[in-house]
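Engineer: Structure incoming, see below.
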Amino acid sequence: MALLRKGCFCCELRTCVLVQAWTSMLIAVLHTAFGLLVLALMADLVPHEHLPEEVRVRLRPPAVMSGNRKAAAAAVREMKVQQALVGSMALMMGLINLSITIALVLGCRKENRRLLVPALIWGAAGLVFITVMTIVTLVATPAKVAALVAVSGVPLLVLSVYFWLHILSYYLELREEDRELKRQTL
């Protein structure tokens, strides 16, 4: 039995999940592009002269500005490793999100509930992560940061749970239809 009968704005669950999937696909493409951009900056494929001054200053490690060559070389190496990690993680997460979102879109279009399972698992893992990070931030940070997290993180968590429930409800709806079809064929 589906948990939700209708999606956002009283539309069908399938339509709501498709809108979520296409929005997630756009975000995943942007996430992947960000990862590629960071990796390109790290590999100096994008000349720093073409970047705005405020970006160039942020890309320059503090030791380079001080003039100490040995410290500057170590700082540049450390910065490159950090950029490589950030770019690689962003690229990997973007590609994972993209593949899961493609499966979600195909699952909605073909009404195949098995293609919704990766989105359910990934979404549940994301919900656990957001919950843990919100609790840790609320407990372990100063009051101003905790208030900011309470104002932004808690509504994000509630909205994420609501959207995940859409996918779960659509999955359960498709499962009910499959069972009904099996009963009719027997």
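Following the order of the structure tokens, first chain is A, next is B, and so on, with residues numbered from 1 inside each chain and ligands from 1 in the order they appear.
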Leaving out stretch 112-128 of chain A and any residue of its chain fewer than 4 positions from it, which residues lie within 6 Å of it when counting only C-alpha atoms, given as a PyMOL selection string?

Structural biologist: chain A and resi 100+103-104+107+171+174

Engineer: Which residues come within 8 Å of stretch 78-93 of chain A, counting only C-alpha atoms, excluding same-chain residues fewer than 5 positions away, as JSON, numbers by chain?

Structural biologist: {"A": [31, 32, 33, 34, 35, 36, 37, 38, 39, 42, 61]}

Engineer: Compile the contact shell of stretch 145-162 of chain A as a PyMOL selection string: residues with an atom at most 8 Å away, counting only C-alpha atoms, same-chain residues fewer than 4 positions apart removed.

Structural biologist: chain A and resi 127+130-131+134+137-139+141+166

Engineer: For each of A:Ile96, A:Ile102, A:Leu13, A:Leu30, take the minimum atom-to-atom distance to A:Tyr170, counting only C-alpha atoms, then give the residue where this is smallest.

Structural biologist: A:Leu13

Engineer: Closest to A:Glu111 among A:Ala28, A:Ile135, A:Val19, A:Leu172, using only C-alpha atoms?

Structural biologist: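 Smallest distance to A:Glu111 is found for A:Leu172.
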
Engineer: Have a look at atom CA of A:Val132 and atom CA of A:Trp164 and let me know their distance in Å, one decimal.

Structural biologist: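 Computed distance, atom CA of A:Val132 to atom CA of A:Trp164, equals 17.0 Å.
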